[in-house]
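Text of the file run02.tsv, holding TSV, C-alpha atoms:
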```
chain	number	residue	atom	x	y	z
A	226	MET	CA	-7.31	-10.34	10.94
A	227	LYS	CA	-7.91	-13.69	9.24
A	228	ALA	CA	-7.65	-12.15	5.78
A	229	GLY	CA	-4.46	-10.40	6.93
A	230	ASN	CA	-2.88	-13.66	8.03
A	231	GLY	CA	-3.90	-15.39	4.83
A	232	GLY	CA	-2.13	-12.63	2.92
A	233	LEU	CA	1.00	-12.94	5.08
A	234	LEU	CA	1.20	-16.71	4.61
A	235	LEU	CA	0.55	-16.37	0.88
A	236	LEU	CA	3.32	-13.80	0.61
A	237	ALA	CA	5.69	-16.14	2.48
A	238	VAL	CA	4.85	-18.99	0.08
A	239	VAL	CA	5.29	-16.71	-2.93
A	240	LEU	CA	8.71	-15.65	-1.62
A	241	VAL	CA	9.87	-19.25	-1.16
A	242	VAL	CA	8.50	-20.48	-4.49
A	243	GLY	CA	9.81	-17.38	-6.25
A	244	SER	CA	13.22	-18.02	-4.69
A	245	VAL	CA	13.34	-21.54	-6.11
A	246	LEU	CA	12.34	-20.31	-9.55
A	247	ILE	CA	14.77	-17.38	-9.61
A	248	GLY	CA	17.51	-19.36	-7.85
A	249	SER	CA	17.38	-22.33	-10.18
A	250	ARG	CA	17.83	-20.09	-13.23
A	251	ARG	CA	21.26	-19.14	-11.97
A	252	GLU	CA	24.06	-21.15	-13.40
A	253	GLY	CA	25.37	-23.92	-11.20
A	254	ALA	CA	22.54	-23.49	-8.74
A	255	GLU	CA	22.50	-26.57	-6.54
A	256	PHE	CA	20.82	-25.01	-3.53
A	257	ALA	CA	23.85	-25.87	-1.43
A	258	GLY	CA	23.65	-24.85	2.22
A	259	SER	CA	25.16	-21.47	3.06
A	260	ASP	CA	26.73	-23.07	6.15
A	261	GLY	CA	28.75	-25.31	3.86
A	262	GLN	CA	29.70	-22.35	1.68
A	263	ALA	CA	30.98	-20.52	4.76
A	264	MET	CA	33.19	-23.50	5.61
A	265	GLU	CA	34.51	-23.42	2.04
A	266	ALA	CA	35.32	-19.75	2.60
A	267	VAL	CA	37.31	-20.78	5.67
A	268	ALA	CA	39.29	-23.18	3.51
A	269	ALA	CA	39.89	-20.37	1.01
A	270	ILE	CA	41.22	-18.01	3.69
A	271	GLN	CA	43.28	-20.60	5.55
A	272	PRO	CA	43.92	-23.53	3.23
A	273	ASP	CA	45.99	-25.34	5.86
A	274	TYR	CA	43.27	-25.34	8.53
A	275	ARG	CA	42.11	-28.82	9.40
A	276	PRO	CA	39.04	-29.38	11.60
A	277	TRP	CA	40.42	-30.79	14.84
A	278	PHE	CA	37.28	-32.58	15.92
A	279	GLY	CA	34.89	-34.73	13.92
A	280	PHE	CA	31.24	-35.59	14.33
A	281	ILE	CA	30.62	-38.07	17.11
A	282	TRP	CA	27.89	-39.60	15.01
A	283	GLU	CA	26.89	-38.85	11.47
A	284	PRO	CA	23.58	-40.27	10.33
A	285	PRO	CA	23.48	-41.98	6.92
A	286	PRO	CA	21.79	-39.62	4.38
A	287	GLU	CA	18.46	-41.44	4.36
A	288	ILE	CA	18.31	-41.49	8.16
A	289	ALA	CA	19.36	-37.83	8.27
A	290	SER	CA	16.42	-36.76	6.11
A	291	GLY	CA	14.13	-38.71	8.41
A	292	LEU	CA	15.59	-37.03	11.48
A	293	PHE	CA	15.20	-33.60	9.87
A	294	ALA	CA	11.60	-34.48	9.15
A	295	LEU	CA	11.23	-35.62	12.76
A	296	GLN	CA	12.52	-32.27	14.00
A	297	ALA	CA	10.09	-30.41	11.76
A	298	ALA	CA	7.24	-32.73	12.74
A	299	LEU	CA	7.88	-32.26	16.46
A	300	GLY	CA	7.94	-28.50	16.01
A	301	ALA	CA	4.93	-28.29	13.72
A	302	GLY	CA	3.02	-30.74	15.92
A	303	GLY	CA	3.68	-28.73	19.06
A	304	LEU	CA	2.82	-25.44	17.40
A	305	GLY	CA	-0.28	-26.85	15.73
A	306	TYR	CA	-1.48	-28.35	19.00
A	307	TYR	CA	-1.26	-24.95	20.67
A	308	LEU	CA	-3.00	-23.07	17.83
A	309	GLY	CA	-5.81	-25.61	17.63
A	310	PHE	CA	-6.21	-25.71	21.38
A	311	LYS	CA	-6.56	-21.94	21.63
A	312	ARG	CA	-9.08	-21.77	18.78
A	313	GLY	CA	-11.16	-24.52	20.35
A	314	GLN	CA	-10.99	-22.79	23.69
A	315	ALA	CA	-12.21	-19.53	22.18
A	316	ARG	CA	-15.06	-21.33	20.39
A	317	GLY	CA	-16.07	-23.09	23.60
A	318	ARG	CA	-16.15	-19.77	25.41
A	319	ARG	CA	-18.32	-18.26	22.66
A	320	ASN	CA	-20.73	-21.20	22.65
A	321	ARG	CA	-21.11	-21.00	26.42
A	322	ALA	CA	-21.78	-17.30	26.20
A	323	ASP	CA	-24.44	-17.90	23.51
A	324	ALA	CA	-26.09	-20.64	25.57
A	325	GLY	CA	-26.19	-18.33	28.56
A	326	ASP	CA	-28.14	-15.66	26.68
B	122	MET	CA	24.69	-20.07	10.91
B	123	HIS	CA	25.82	-23.48	12.09
B	124	ILE	CA	29.59	-23.50	12.36
B	125	THR	CA	30.51	-27.07	11.52
B	126	GLU	CA	32.09	-29.36	14.10
B	127	GLY	CA	35.82	-28.69	14.51
B	128	PHE	CA	35.74	-25.53	12.39
B	129	LEU	CA	36.64	-23.20	15.25
B	130	PRO	CA	40.15	-23.45	16.74
B	131	PRO	CA	40.07	-24.96	20.27
B	132	LEU	CA	40.73	-21.63	21.99
B	133	HIS	CA	37.83	-19.92	20.18
B	134	ALA	CA	35.52	-22.86	20.76
B	135	ALA	CA	36.30	-22.79	24.50
B	136	ALA	CA	35.91	-19.01	24.71
B	137	TRP	CA	32.46	-18.98	23.05
B	138	THR	CA	31.35	-21.84	25.28
B	139	ALA	CA	32.47	-19.84	28.32
B	140	VAL	CA	30.60	-16.75	27.09
B	141	SER	CA	27.37	-18.63	26.33
B	142	LEU	CA	27.24	-20.82	29.42
B	143	PRO	CA	26.11	-18.12	31.90
B	144	PHE	CA	23.30	-17.07	29.51
B	145	VAL	CA	22.06	-20.65	29.27
B	146	VAL	CA	22.18	-21.15	33.03
B	147	ALA	CA	20.34	-17.85	33.58
B	148	SER	CA	17.84	-18.95	30.95
B	149	ALA	CA	17.14	-22.25	32.70
B	150	TRP	CA	16.65	-20.38	35.97
B	151	ARG	CA	14.31	-17.87	34.33
B	152	ILE	CA	12.21	-20.55	32.60
B	153	ASN	CA	11.98	-22.48	35.84
B	154	ARG	CA	10.72	-19.41	37.69
B	155	LEU	CA	8.32	-18.48	34.89
B	156	MET	CA	6.73	-21.94	34.94
B	157	ARG	CA	6.40	-21.87	38.72
B	158	ASP	CA	4.99	-18.35	39.01
B	159	GLN	CA	2.84	-18.32	35.87
B	160	PRO	CA	1.97	-21.91	34.95
B	161	GLN	CA	-0.73	-20.61	32.57
B	162	ILE	CA	1.90	-19.58	30.04
B	163	LYS	CA	3.62	-23.01	29.88
B	164	LEU	CA	1.80	-23.99	26.71
B	165	LEU	CA	2.67	-20.77	24.91
B	166	LEU	CA	6.30	-21.17	25.94
B	167	ALA	CA	6.30	-24.69	24.50
B	168	ALA	CA	4.69	-23.37	21.32
B	169	SER	CA	7.43	-20.73	20.96
B	170	GLY	CA	10.06	-23.43	21.33
B	171	ALA	CA	8.18	-25.57	18.80
B	172	PHE	CA	8.20	-22.66	16.33
B	173	ALA	CA	12.00	-22.44	16.57
B	174	PHE	CA	12.19	-26.23	16.24
B	175	VAL	CA	10.18	-26.46	13.02
B	176	ILE	CA	11.53	-23.36	11.34
B	177	SER	CA	15.18	-24.20	11.95
B	178	ALA	CA	14.66	-27.69	10.54
B	179	LEU	CA	13.45	-26.38	7.20
B	180	LYS	CA	16.19	-25.51	4.77
B	181	LEU	CA	14.61	-22.93	2.54
B	182	PRO	CA	15.79	-21.99	-0.94
B	183	SER	CA	16.96	-18.49	-1.73
B	184	VAL	CA	17.17	-16.38	-4.87
B	185	THR	CA	20.92	-16.96	-4.91
B	186	GLY	CA	20.50	-20.63	-5.77
B	187	SER	CA	21.72	-21.66	-2.37
B	188	CYS	CA	19.80	-22.56	0.70
B	189	SER	CA	19.69	-21.82	4.40
B	190	HIS	CA	17.29	-21.79	7.31
B	191	ALA	CA	15.58	-19.21	9.47
B	192	THR	CA	16.11	-19.23	13.23
B	193	GLY	CA	12.64	-18.79	14.73
B	194	THR	CA	14.04	-17.34	17.95
B	195	GLY	CA	12.49	-13.87	17.56
B	196	LEU	CA	8.96	-14.97	18.49
B	197	GLY	CA	9.82	-16.32	21.93
B	198	ALA	CA	12.15	-13.39	22.58
B	199	ILE	CA	9.51	-10.72	21.99
B	200	LEU	CA	6.87	-12.62	23.98
B	201	PHE	CA	8.88	-13.80	26.98
B	202	GLY	CA	11.99	-11.64	26.89
B	203	PRO	CA	15.27	-12.62	25.27
B	204	SER	CA	16.71	-14.66	28.12
B	205	VAL	CA	14.30	-17.61	27.78
B	206	MET	CA	15.47	-18.31	24.23
B	207	ALA	CA	19.03	-19.17	25.29
B	208	LEU	CA	17.94	-22.54	26.68
B	209	LEU	CA	15.31	-23.24	24.00
B	210	GLY	CA	17.82	-22.43	21.26
B	211	THR	CA	20.44	-24.62	22.91
B	212	ILE	CA	18.02	-27.56	22.86
B	213	VAL	CA	17.45	-27.06	19.12
B	214	LEU	CA	21.18	-26.77	18.39
B	215	ALA	CA	22.09	-29.75	20.57
B	216	PHE	CA	19.47	-31.88	18.79
B	217	GLN	CA	20.97	-30.93	15.43
B	218	ALA	CA	24.57	-31.38	16.58
B	219	LEU	CA	24.01	-34.82	18.11
B	220	LEU	CA	21.51	-36.36	15.69
B	221	LEU	CA	21.87	-34.53	12.39
B	222	ALA	CA	25.63	-33.84	12.10
B	223	HIS	CA	24.62	-30.21	11.71
B	224	GLY	CA	26.65	-27.74	13.75
B	225	GLY	CA	28.73	-29.51	16.37
B	226	ILE	CA	29.59	-30.08	20.01
B	227	THR	CA	32.84	-28.10	19.93
B	228	THR	CA	31.08	-25.24	18.13
B	229	LEU	CA	27.89	-25.44	20.20
B	230	GLY	CA	28.92	-22.51	22.40
B	231	ALA	CA	29.54	-20.26	19.38
B	232	ASN	CA	26.32	-21.33	17.66
B	233	VAL	CA	24.31	-20.82	20.84
B	234	PHE	CA	25.80	-17.35	21.13
B	235	SER	CA	24.73	-16.31	17.63
B	236	MET	CA	21.33	-18.02	17.39
B	237	ALA	CA	20.09	-18.22	20.96
B	238	ILE	CA	21.61	-15.06	22.46
B	239	VAL	CA	22.44	-12.37	19.85
B	240	GLY	CA	19.35	-12.98	17.67
B	241	PRO	CA	16.83	-12.91	20.55
B	242	TRP	CA	18.40	-9.85	22.21
B	243	VAL	CA	18.45	-7.92	18.94
B	244	ALA	CA	14.84	-8.88	18.22
B	245	TYR	CA	13.74	-7.90	21.72
B	246	GLY	CA	15.66	-4.62	21.65
B	247	LEU	CA	14.25	-3.69	18.26
B	248	LEU	CA	10.69	-4.44	19.35
B	249	ARG	CA	11.07	-2.28	22.43
B	250	GLY	CA	12.65	0.48	20.38
B	251	ALA	CA	10.00	0.38	17.67
B	252	ARG	CA	7.18	0.38	20.22
B	253	TRP	CA	8.80	3.30	21.99
B	254	LEU	CA	8.71	5.16	18.67
B	255	ASN	CA	5.01	4.26	18.43
B	256	ALA	CA	5.50	2.13	15.34
B	257	PRO	CA	2.53	-0.13	14.50
B	258	LEU	CA	2.76	-3.50	16.23
B	259	ALA	CA	2.82	-5.61	13.05
B	260	ALA	CA	5.67	-3.55	11.58
B	261	SER	CA	7.59	-3.71	14.86
B	262	VAL	CA	7.24	-7.49	15.11
B	263	PHE	CA	8.20	-7.94	11.49
B	264	LEU	CA	11.35	-5.85	11.83
B	265	ALA	CA	12.31	-7.45	15.13
B	266	ALA	CA	12.01	-11.03	13.82
B	267	MET	CA	13.62	-10.27	10.46
B	268	LEU	CA	16.58	-8.31	11.79
B	269	GLY	CA	17.03	-10.73	14.70
B	270	ASP	CA	17.45	-13.47	12.10
B	271	LEU	CA	19.99	-11.39	10.17
B	272	ALA	CA	21.80	-10.46	13.40
B	273	THR	CA	22.33	-14.16	14.09
B	274	TYR	CA	24.02	-14.65	10.74
B	275	SER	CA	26.11	-11.49	11.18
B	276	ALA	CA	27.25	-12.83	14.54
B	277	THR	CA	28.32	-16.08	12.88
B	278	ALA	CA	30.22	-14.10	10.25
B	279	GLY	CA	31.93	-12.18	13.08
B	280	GLN	CA	32.88	-15.37	14.90
B	281	LEU	CA	34.37	-16.88	11.76
B	282	ALA	CA	36.21	-13.63	10.96
B	283	LEU	CA	37.75	-13.55	14.44
B	284	ALA	CA	38.97	-17.12	14.03
B	285	PHE	CA	40.06	-16.77	10.41
B	286	PRO	CA	41.30	-13.25	9.64
B	287	ASP	CA	42.14	-12.73	6.01
B	288	PRO	CA	45.95	-12.77	5.48
B	289	ALA	CA	45.72	-9.57	3.42
B	290	SER	CA	42.74	-7.60	4.71
B	291	GLY	CA	42.57	-8.86	8.30
B	292	TRP	CA	39.45	-9.33	10.42
B	293	VAL	CA	37.42	-6.69	8.62
B	294	GLY	CA	38.11	-8.14	5.19
B	295	SER	CA	37.31	-11.61	6.45
B	296	PHE	CA	34.08	-10.40	8.10
B	297	ILE	CA	32.95	-8.80	4.84
B	298	LYS	CA	33.75	-12.04	3.04
B	299	PHE	CA	31.66	-14.16	5.43
B	300	VAL	CA	28.79	-11.65	5.43
B	301	GLY	CA	28.94	-11.87	1.65
B	302	VAL	CA	28.44	-15.63	1.90
B	303	PHE	CA	25.46	-15.44	4.27
B	304	ALA	CA	23.64	-12.18	3.55
B	305	PRO	CA	22.30	-12.72	0.01
B	306	THR	CA	20.95	-16.15	0.91
B	307	GLN	CA	19.57	-15.07	4.23
B	308	LEU	CA	17.79	-11.86	3.28
B	309	PRO	CA	14.66	-13.38	1.67
B	310	LEU	CA	14.54	-16.05	4.40
B	311	ALA	CA	14.64	-13.37	7.08
B	312	VAL	CA	11.66	-11.71	5.38
B	313	VAL	CA	9.80	-15.06	5.46
B	314	GLU	CA	10.61	-15.43	9.16
B	315	GLY	CA	9.31	-11.90	9.78
B	316	LEU	CA	6.04	-12.63	7.96
B	317	LEU	CA	5.45	-15.89	9.82
B	318	THR	CA	6.19	-14.28	13.17
B	319	VAL	CA	3.68	-11.49	12.46
B	320	ALA	CA	1.07	-14.11	11.47
B	321	ILE	CA	1.52	-15.93	14.78
B	322	VAL	CA	1.41	-12.73	16.80
B	323	ASN	CA	-1.84	-11.83	14.98
B	324	PHE	CA	-3.26	-15.20	15.95
B	325	LEU	CA	-2.19	-14.75	19.57
B	326	ARG	CA	-3.82	-11.33	19.73
B	327	GLU	CA	-7.11	-12.84	18.61
B	328	TYR	CA	-7.11	-16.08	20.60
B	329	SER	CA	-4.57	-15.80	23.41
B	330	GLY	CA	-5.51	-12.52	25.04
B	331	ASP	CA	-5.34	-14.11	28.50
B	332	GLU	CA	-1.74	-15.24	28.08
B	333	LEU	CA	-0.62	-12.00	26.44
B	334	GLN	CA	-2.14	-10.10	29.34
B	335	ILE	CA	-0.04	-12.10	31.80
B	336	LEU	CA	3.04	-11.39	29.70
B	337	LYS	CA	2.01	-7.73	29.31
B	338	PHE	CA	2.42	-8.03	25.55
B	339	PRO	CA	2.36	-5.65	23.77
B	340	SER	CA	2.31	-3.21	26.69
B	341	GLN	CA	-1.07	-1.72	27.61
B	342	THR	CA	-2.85	-2.03	24.29
B	343	VAL	CA	-3.65	-5.69	24.60
B	344	ALA	CA	-5.86	-5.51	27.68
B	345	VAL	CA	-8.38	-3.43	25.74
B	346	GLU	CA	-8.40	-5.61	22.67
B	347	ALA	CA	-8.67	-8.88	24.55
B	348	ARG	CA	-12.01	-7.78	25.93
B	349	SER	CA	-13.45	-6.39	22.73
```
Show me this structure written as structure tokens.
Amino acid sequence: MKAGNGGLLLLAVVLVVGSVLIGSRREGAEFAGSDGQAMEAVAAIQPDYRPWFGFIWEPPPEIASGLFALQAALGAGGLGYYLGFKRGQARGRRNRADAGD
Amino acid sequence: MHITEGFLPPLHAAAWTAVSLPFVVASAWRINRLMRDQPQIKLLLAASGAFAFVISALKLPSVTGSCSHATGTGLGAILFGPSVMALLGTIVLAFQALLLAHGGITTLGANVFSMAIVGPWVAYGLLRGARWLNAPLAASVFLAAMLGDLATYSATAGQLALAFPDPASGWVGSFIKFVGVFAPTQLPLAVVEGLLTVAIVNFLREYSGDELQILKFPSQTVAVEARS
């Protein structure tokens, strides 16, 4: 199973890295968000539409990147805690079983 | 799949909020009951939420030279059932709407509907269907997570099409246009989400047999493997 997961993660990394390489060869590739592109499509369909509500608070760009990192860190931290905890638990169980022999 | 603040007309924004609200309330009720009846699975539930948190924060590049993010809601949906993800997804989206100017308060209902309701239900339905057809577990999980991700983006395209029908080709033409914006970017990312979800399920099957047994995932097969 471990080899299988290594392969899966490697494949995921290859896909992402490959995407950057292929994507950046396209002309005008700026890696803009597809959400933003969809809102541009709205403007193309209904040029007179004006958003009727604005952001309550918009973080300055530098702060925004930090908050995005915070979101990722909270998620990765929580997930990593669980994975590590379960591995340790399994090892503890194995060690106890060995000691009992 | 985040519809930006103010980008749905008031009537649409209110309607999607009204549609999503009962799902979120039911989700809170379900999570509450799950934690009370089976406190052993609390940690795994938190880990599933954490997975959605990290993966939806990462904007990943795509072959199209644009960038988007996966949703991460398939994992929790196939483990706990789709209804728990409504609340977890809402937490993620509210965090992004309030702190990151990503999505929005007026569009929260619509975004919750696509990411925290449609995606999880599609993923869950596909997993059940694939298991019923005796498909291998890894393939079933992969398809469920990947197509759940794509279903979320299709739902967003549908919501935008309903609000902004094309003057010439109507709702259908507009839907095709919005799908055309999302699909090419999202496809490789959905594959990545599928791969990661399979990797985590593999891990759980090796190390979390006790929790999977409580959740009866994936049906009867796990009880045997947990002991071996």
With chain A as the partner and 7 Å as the cut-off, tabulate the residues of chain B that qualify, each row holding the nearest pair of atoms and their distance in Å to one decimal, using only C-alpha atoms, sorted by chain and rising number, as CSV.
```
residue,atom,partner,partner_atom,distance
B:Met122,CA,A:Asp260,CA,6.0
B:His123,CA,A:Asp260,CA,6.0
B:Ile124,CA,A:Asp260,CA,6.9
B:Glu126,CA,A:Gly279,CA,6.1
B:Gly127,CA,A:Phe278,CA,4.4
B:Phe128,CA,A:Pro276,CA,5.1
B:Leu164,CA,A:Tyr307,CA,6.8
B:Ala168,CA,A:Leu304,CA,4.8
B:Ala171,CA,A:Gly300,CA,4.1
B:Phe172,CA,A:Gly300,CA,5.9
B:Phe174,CA,A:Gly300,CA,4.8
B:Val175,CA,A:Ala297,CA,4.1
B:Ala178,CA,A:Ala297,CA,5.5
B:Leu179,CA,A:Ala297,CA,7.0
B:Pro182,CA,A:Val245,CA,5.7
B:Ser183,CA,A:Ser244,CA,4.8
B:Val184,CA,A:Gly248,CA,4.2
B:Thr185,CA,A:Gly248,CA,5.1
B:Gly186,CA,A:Gly248,CA,3.9
B:Ser187,CA,A:Phe256,CA,3.7
B:Cys188,CA,A:Gly258,CA,4.7
B:Ser189,CA,A:Gly258,CA,5.4
B:Leu219,CA,A:Trp282,CA,6.9
B:Leu220,CA,A:Pro284,CA,7.0
B:Leu221,CA,A:Ala289,CA,5.8
B:Ala222,CA,A:Glu283,CA,5.2
B:Gly225,CA,A:Phe280,CA,6.9
B:Phe285,CA,A:Val267,CA,6.8
B:Asp287,CA,A:Ile270,CA,5.8
B:Phe299,CA,A:Ala263,CA,6.4
B:Val302,CA,A:Ala263,CA,6.2
B:Phe303,CA,A:Ser259,CA,6.2
B:Val313,CA,A:Ala237,CA,5.2
B:Leu316,CA,A:Leu233,CA,5.8
B:Leu317,CA,A:Leu234,CA,6.8
B:Ala320,CA,A:Asn230,CA,5.3
B:Asn323,CA,A:Met226,CA,7.0
B:Tyr328,CA,A:Lys311,CA,6.0
B:Ser329,CA,A:Lys311,CA,6.7
```
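Each of B:Arg157, B:Leu248, B:Ile152, B:Trp253 was checked against B:Leu209 using only C-alpha atoms; the smallest atom-to-atom distance is that of B:Ile152.
The space between atom CA of B:Leu196 and atom CA of B:Ala272 spans 14.5 Å.
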Nearest candidate to B:Gly202 (options B:Trp242, B:Tyr274, B:Trp150, B:Trp137; using all atoms listed in the file):
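Of the candidates, the smallest distance to B:Gly202 is held by B:Trp242.
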Separation of atom CA of B:Leu254 from atom CA of B:Ile199, in Å and rounded to one decimal
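Straight-line distance from atom CA of B:Leu254 to atom CA of B:Ile199 works out to 16.2 Å.
In this model, the gap between atom CA of B:Leu165 and atom CA of B:Ala149 comes to 16.5 Å.
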Taking into account all atoms listed in the file, which residue in the set B:Ser148, B:Thr138, B:Thr277, B:Gln159 is nearest to B:Leu208?
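Among B:Ser148, B:Thr138, B:Thr277, B:Gln159, it is B:Ser148 that comes nearest to B:Leu208.
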Contacts of B:Val300 at 9 Å (all atoms listed in the file; same-chain gap of 5+ positions) as a list in words
Tyr274, Ser275, Thr277, Ala278, Gly279, Ser295 and Pro305 of chain B
Under the rule that only C-alpha atoms are counted, which of B:Pro131, B:Pro286, B:Gly170, B:Gly330 is the nearest residue to B:Thr227?
B:Pro131
Polymer residues at most 8 Å from B:Ser204, all atoms listed in the file, same-chain spacing of 5 or more positions, as a ChimeraX atom specification:
/B:144,147-148,151,198,238,241-242
Would you list the contacts of B:Ala215 as a PyMOL selection string, taking every protein, DNA or RNA residue within 9 Å and counting all atoms listed in the file, but skipping same-chain residues closer than 3 positions in sequence?
chain B and resi 210-212+218-220+224-226+229
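Candidate residues B:Leu155, B:Gly197, B:Ile297, B:Ser290 were compared for distance to B:Ser169, and the nearest is B:Gly197, using only C-alpha atoms.
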Determine, counting all atoms listed in the file, which protein, DNA and RNA residues have an atom within 9 Å of an atom of B:Ala135; residues of the same chain fewer than 6 positions away are not included. Present the result as a compact mmCIF listing (two decimals) with C-alpha atoms, in the coordinates of the input.
```txt
# COMPACT_ATOMS: atom_id res chain seq x y z
CA THR B 227 32.84 -28.10 19.93
CA THR B 228 31.08 -25.24 18.13
CA GLY B 230 28.92 -22.51 22.40
CA ALA B 231 29.54 -20.26 19.38
```
Where atoms are missing, can you supply N, CA, C and O atoms for stretch 274-291 of chain A and output the lot as a PDB file, in the coordinates of the input?
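Just written: part-v3.pdb:
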```
ATOM      1  N   TYR A 274      44.047 -25.036   7.322  1.00  0.00           N
ATOM      2  CA  TYR A 274      43.270 -25.340   8.530  1.00  0.00           C
ATOM      3  C   TYR A 274      42.602 -26.709   8.383  1.00  0.00           C
ATOM      4  O   TYR A 274      41.957 -26.996   7.380  1.00  0.00           O
ATOM      5  N   ARG A 275      42.786 -27.522   9.395  1.00  0.00           N
ATOM      6  CA  ARG A 275      42.110 -28.820   9.400  1.00  0.00           C
ATOM      7  C   ARG A 275      41.205 -28.877  10.626  1.00  0.00           C
ATOM      8  O   ARG A 275      41.669 -28.600  11.741  1.00  0.00           O
ATOM      9  N   PRO A 276      39.922 -29.227  10.433  1.00  0.00           N
ATOM     10  CA  PRO A 276      39.040 -29.380  11.600  1.00  0.00           C
ATOM     11  C   PRO A 276      39.680 -30.353  12.585  1.00  0.00           C
ATOM     12  O   PRO A 276      40.169 -31.408  12.188  1.00  0.00           O
ATOM     13  N   TRP A 277      39.680 -29.975  13.861  1.00  0.00           N
ATOM     14  CA  TRP A 277      40.420 -30.790  14.840  1.00  0.00           C
ATOM     15  C   TRP A 277      39.499 -31.739  15.589  1.00  0.00           C
ATOM     16  O   TRP A 277      39.912 -32.465  16.472  1.00  0.00           O
ATOM     17  N   PHE A 278      38.229 -31.706  15.233  1.00  0.00           N
ATOM     18  CA  PHE A 278      37.280 -32.580  15.920  1.00  0.00           C
ATOM     19  C   PHE A 278      36.215 -32.982  14.919  1.00  0.00           C
ATOM     20  O   PHE A 278      35.738 -32.148  14.155  1.00  0.00           O
ATOM     21  N   GLY A 279      35.887 -34.272  14.897  1.00  0.00           N
ATOM     22  CA  GLY A 279      34.890 -34.730  13.920  1.00  0.00           C
ATOM     23  C   GLY A 279      33.569 -35.017  14.594  1.00  0.00           C
ATOM     24  O   GLY A 279      33.461 -34.998  15.825  1.00  0.00           O
ATOM     25  N   PHE A 280      32.551 -35.265  13.772  1.00  0.00           N
ATOM     26  CA  PHE A 280      31.240 -35.590  14.330  1.00  0.00           C
ATOM     27  C   PHE A 280      31.310 -36.879  15.140  1.00  0.00           C
ATOM     28  O   PHE A 280      31.953 -37.846  14.721  1.00  0.00           O
ATOM     29  N   ILE A 281      30.667 -36.868  16.293  1.00  0.00           N
ATOM     30  CA  ILE A 281      30.620 -38.070  17.110  1.00  0.00           C
ATOM     31  C   ILE A 281      29.826 -39.140  16.374  1.00  0.00           C
ATOM     32  O   ILE A 281      30.184 -40.315  16.333  1.00  0.00           O
ATOM     33  N   TRP A 282      28.731 -38.683  15.769  1.00  0.00           N
ATOM     34  CA  TRP A 282      27.890 -39.600  15.010  1.00  0.00           C
ATOM     35  C   TRP A 282      27.314 -38.869  13.827  1.00  0.00           C
ATOM     36  O   TRP A 282      26.806 -37.754  13.957  1.00  0.00           O
ATOM     37  N   GLU A 283      27.439 -39.466  12.669  1.00  0.00           N
ATOM     38  CA  GLU A 283      26.890 -38.850  11.470  1.00  0.00           C
ATOM     39  C   GLU A 283      25.847 -39.782  10.893  1.00  0.00           C
ATOM     40  O   GLU A 283      26.166 -40.918  10.532  1.00  0.00           O
ATOM     41  N   PRO A 284      24.610 -39.359  10.829  1.00  0.00           N
ATOM     42  CA  PRO A 284      23.580 -40.270  10.330  1.00  0.00           C
ATOM     43  C   PRO A 284      23.746 -40.512   8.834  1.00  0.00           C
ATOM     44  O   PRO A 284      24.132 -39.593   8.116  1.00  0.00           O
ATOM     45  N   PRO A 285      23.484 -41.735   8.366  1.00  0.00           N
ATOM     46  CA  PRO A 285      23.480 -41.980   6.920  1.00  0.00           C
ATOM     47  C   PRO A 285      22.438 -41.048   6.268  1.00  0.00           C
ATOM     48  O   PRO A 285      21.448 -40.711   6.925  1.00  0.00           O
ATOM     49  N   PRO A 286      22.639 -40.637   5.010  1.00  0.00           N
ATOM     50  CA  PRO A 286      21.790 -39.620   4.380  1.00  0.00           C
ATOM     51  C   PRO A 286      20.281 -39.886   4.519  1.00  0.00           C
ATOM     52  O   PRO A 286      19.517 -38.977   4.813  1.00  0.00           O
ATOM     53  N   GLU A 287      19.898 -41.139   4.297  1.00  0.00           N
ATOM     54  CA  GLU A 287      18.460 -41.440   4.360  1.00  0.00           C
ATOM     55  C   GLU A 287      17.925 -41.235   5.779  1.00  0.00           C
ATOM     56  O   GLU A 287      16.839 -40.709   5.983  1.00  0.00           O
ATOM     57  N   ILE A 288      18.720 -41.656   6.760  1.00  0.00           N
ATOM     58  CA  ILE A 288      18.310 -41.490   8.160  1.00  0.00           C
ATOM     59  C   ILE A 288      18.272 -40.002   8.499  1.00  0.00           C
ATOM     60  O   ILE A 288      17.393 -39.521   9.210  1.00  0.00           O
ATOM     61  N   ALA A 289      19.276 -39.255   7.967  1.00  0.00           N
ATOM     62  CA  ALA A 289      19.360 -37.830   8.270  1.00  0.00           C
ATOM     63  C   ALA A 289      18.099 -37.105   7.812  1.00  0.00           C
ATOM     64  O   ALA A 289      17.550 -36.270   8.540  1.00  0.00           O
ATOM     65  N   SER A 290      17.619 -37.453   6.596  1.00  0.00           N
ATOM     66  CA  SER A 290      16.420 -36.760   6.110  1.00  0.00           C
ATOM     67  C   SER A 290      15.238 -37.087   7.010  1.00  0.00           C
ATOM     68  O   SER A 290      14.399 -36.231   7.284  1.00  0.00           O
ATOM     69  N   GLY A 291      15.205 -38.330   7.495  1.00  0.00           N
ATOM     70  CA  GLY A 291      14.130 -38.710   8.410  1.00  0.00           C
ATOM     71  C   GLY A 291      14.212 -37.932   9.716  1.00  0.00           C
ATOM     72  O   GLY A 291      13.195 -37.469  10.234  1.00  0.00           O
TER      73      GLY A 291
END
```
